[in-house]
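Notes follow once the structure below has been shown.
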Amino acid sequence: NTSGVRHIAAAPGTPSVAMACGSDVRRWAAREPTQRLLHAEVACRPCAHVRCPIGHACAHGVDSRDVLAAADELLGLAPRQVEQSACAA
């Protein structure tokens, strides 16, 4: 659960990127321009499981390149070229 940290970051306007796994992204959407909430579209959202019975498609579906791109955007940086690692394939 990242909502507490997101609220703390949003209060003074600190840019932050968070990833929503099983949570309801409509309910917990990023409402500040300095916040990004990334998520993968999965049919099982919102999820109430403590342990995922199907392999965490919600977490594995968010690509690290998208996280870096969102951070770069918030920091005003030019997009970086990131090669996909062999273990991410």
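Here's how to read the names in the structure tokens: chain A, B, ... by the order shown, residue numbers from 1 in each chain, ligand numbers from 1 in the order shown.
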Per-residue DSSP, chain A, filtered to strand (DSSP E or B), as number ranges by chain: A: 16-20, 35-39
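The protein and nucleic acid residues lying at most 12 Å from A:Pro33 are Ala9, Ala10, Ala11, Gly13, Thr14, Pro15, Ser16, Val17, Ala70, Glu73, Leu74 and Leu75 of chain A, with only C-alpha atoms considered and sequence neighbours fewer than 5 positions away removed.
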Every residue of chain A that DSSP places in helix (DSSP H, G or I), as a PyMOL selection string: chain A and resi 3-10+57-60+64-75+86-88
File dump, residues just selected, N, CA, C and O atoms, as a short mmCIF file (atom, residue, chain, number, x, y, z; two decimals), in the first residue's frame:
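Everything below was put into part.cif:
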data_model
loop_
_atom_site.label_atom_id
_atom_site.label_comp_id
_atom_site.auth_asym_id
_atom_site.auth_seq_id
_atom_site.Cartn_x
_atom_site.Cartn_y
_atom_site.Cartn_z
N SER A 3 -0.43 4.45 -0.53
CA SER A 3 -1.23 5.66 -0.44
C SER A 3 -0.73 6.65 0.60
O SER A 3 -0.78 7.85 0.38
N GLY A 4 -0.23 6.18 1.73
CA GLY A 4 0.28 7.09 2.75
C GLY A 4 1.47 7.87 2.27
O GLY A 4 1.55 9.10 2.42
N VAL A 5 2.41 7.19 1.65
CA VAL A 5 3.60 7.85 1.12
C VAL A 5 3.21 8.82 0.00
O VAL A 5 3.75 9.91 -0.10
N ARG A 6 2.27 8.42 -0.82
CA ARG A 6 1.81 9.31 -1.90
C ARG A 6 1.20 10.59 -1.33
O ARG A 6 1.43 11.68 -1.86
N HIS A 7 0.41 10.49 -0.27
CA HIS A 7 -0.19 11.68 0.35
C HIS A 7 0.89 12.60 0.92
O HIS A 7 0.81 13.82 0.79
N ILE A 8 1.88 12.00 1.58
CA ILE A 8 2.97 12.80 2.14
C ILE A 8 3.74 13.52 1.04
O ILE A 8 4.08 14.70 1.17
N ALA A 9 3.99 12.84 -0.07
CA ALA A 9 4.69 13.47 -1.19
C ALA A 9 3.84 14.55 -1.85
O ALA A 9 4.34 15.61 -2.23
N ALA A 10 2.55 14.32 -1.97
CA ALA A 10 1.67 15.27 -2.65
C ALA A 10 1.49 16.57 -1.85
O ALA A 10 1.36 17.64 -2.44
N ALA A 57 -0.14 -10.61 -12.02
CA ALA A 57 -0.12 -9.98 -13.34
C ALA A 57 -0.20 -8.47 -13.22
O ALA A 57 0.36 -7.74 -14.05
N CYS A 58 -0.84 -7.98 -12.18
CA CYS A 58 -0.98 -6.53 -11.97
C CYS A 58 0.37 -5.88 -11.70
O CYS A 58 0.62 -4.76 -12.16
N ALA A 59 1.24 -6.56 -10.99
CA ALA A 59 2.58 -6.02 -10.69
C ALA A 59 3.54 -6.24 -11.84
O ALA A 59 4.27 -5.33 -12.25
N HIS A 60 3.52 -7.43 -12.39
CA HIS A 60 4.45 -7.75 -13.48
C HIS A 60 4.09 -7.04 -14.79
O HIS A 60 4.92 -6.95 -15.68
N SER A 64 9.33 -1.47 -16.24
CA SER A 64 10.26 -0.55 -15.58
C SER A 64 10.56 0.66 -16.46
O SER A 64 10.80 1.76 -15.95
N ARG A 65 10.51 0.50 -17.77
CA ARG A 65 10.74 1.64 -18.67
C ARG A 65 9.64 2.68 -18.52
O ARG A 65 9.89 3.89 -18.63
N ASP A 66 8.42 2.24 -18.26
CA ASP A 66 7.31 3.18 -18.04
C ASP A 66 7.49 3.94 -16.73
O ASP A 66 7.17 5.12 -16.64
N VAL A 67 8.01 3.26 -15.71
CA VAL A 67 8.28 3.92 -14.43
C VAL A 67 9.34 5.00 -14.61
O VAL A 67 9.18 6.14 -14.16
N LEU A 68 10.43 4.65 -15.31
CA LEU A 68 11.49 5.63 -15.56
C LEU A 68 10.99 6.79 -16.41
O LEU A 68 11.34 7.95 -16.16
N ALA A 69 10.17 6.51 -17.41
CA ALA A 69 9.63 7.57 -18.26
C ALA A 69 8.75 8.53 -17.46
O ALA A 69 8.82 9.75 -17.64
N ALA A 70 7.94 7.99 -16.56
CA ALA A 70 7.09 8.85 -15.72
C ALA A 70 7.93 9.71 -14.79
O ALA A 70 7.67 10.90 -14.61
N ALA A 71 8.98 9.12 -14.21
CA ALA A 71 9.87 9.89 -13.33
C ALA A 71 10.59 10.98 -14.13
O ALA A 71 10.69 12.13 -13.67
N ASP A 72 11.09 10.63 -15.29
CA ASP A 72 11.77 11.62 -16.14
C ASP A 72 10.83 12.77 -16.49
O ASP A 72 11.22 13.94 -16.44
N GLU A 73 9.59 12.44 -16.82
CA GLU A 73 8.61 13.47 -17.17
C GLU A 73 8.39 14.42 -15.98
O GLU A 73 8.40 15.64 -16.14
N LEU A 74 8.20 13.85 -14.80
CA LEU A 74 7.96 14.68 -13.62
C LEU A 74 9.17 15.55 -13.27
O LEU A 74 9.02 16.65 -12.75
N LEU A 75 10.36 15.05 -13.55
CA LEU A 75 11.57 15.80 -13.24
C LEU A 75 12.00 16.72 -14.36
O LEU A 75 12.99 17.43 -14.24
N ALA A 86 17.54 -9.04 -19.94
CA ALA A 86 17.19 -10.40 -20.31
C ALA A 86 16.17 -10.99 -19.35
O ALA A 86 15.31 -11.77 -19.74
N CYS A 87 16.23 -10.62 -18.06
CA CYS A 87 15.30 -11.19 -17.10
C CYS A 87 13.93 -10.54 -17.18
O CYS A 87 12.98 -11.07 -16.66
N ALA A 88 13.79 -9.41 -17.84
CA ALA A 88 12.48 -8.76 -17.95
C ALA A 88 11.68 -9.33 -19.11
O ALA A 88 10.50 -9.09 -19.22
#
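Taking atom CA of A:Glu32 and atom CA of A:Cys52 as endpoints, the distance between them is 29.9 Å.
Atom pair atom CA of A:Met19 / atom CA of A:Cys44: separated by 16.0 Å.
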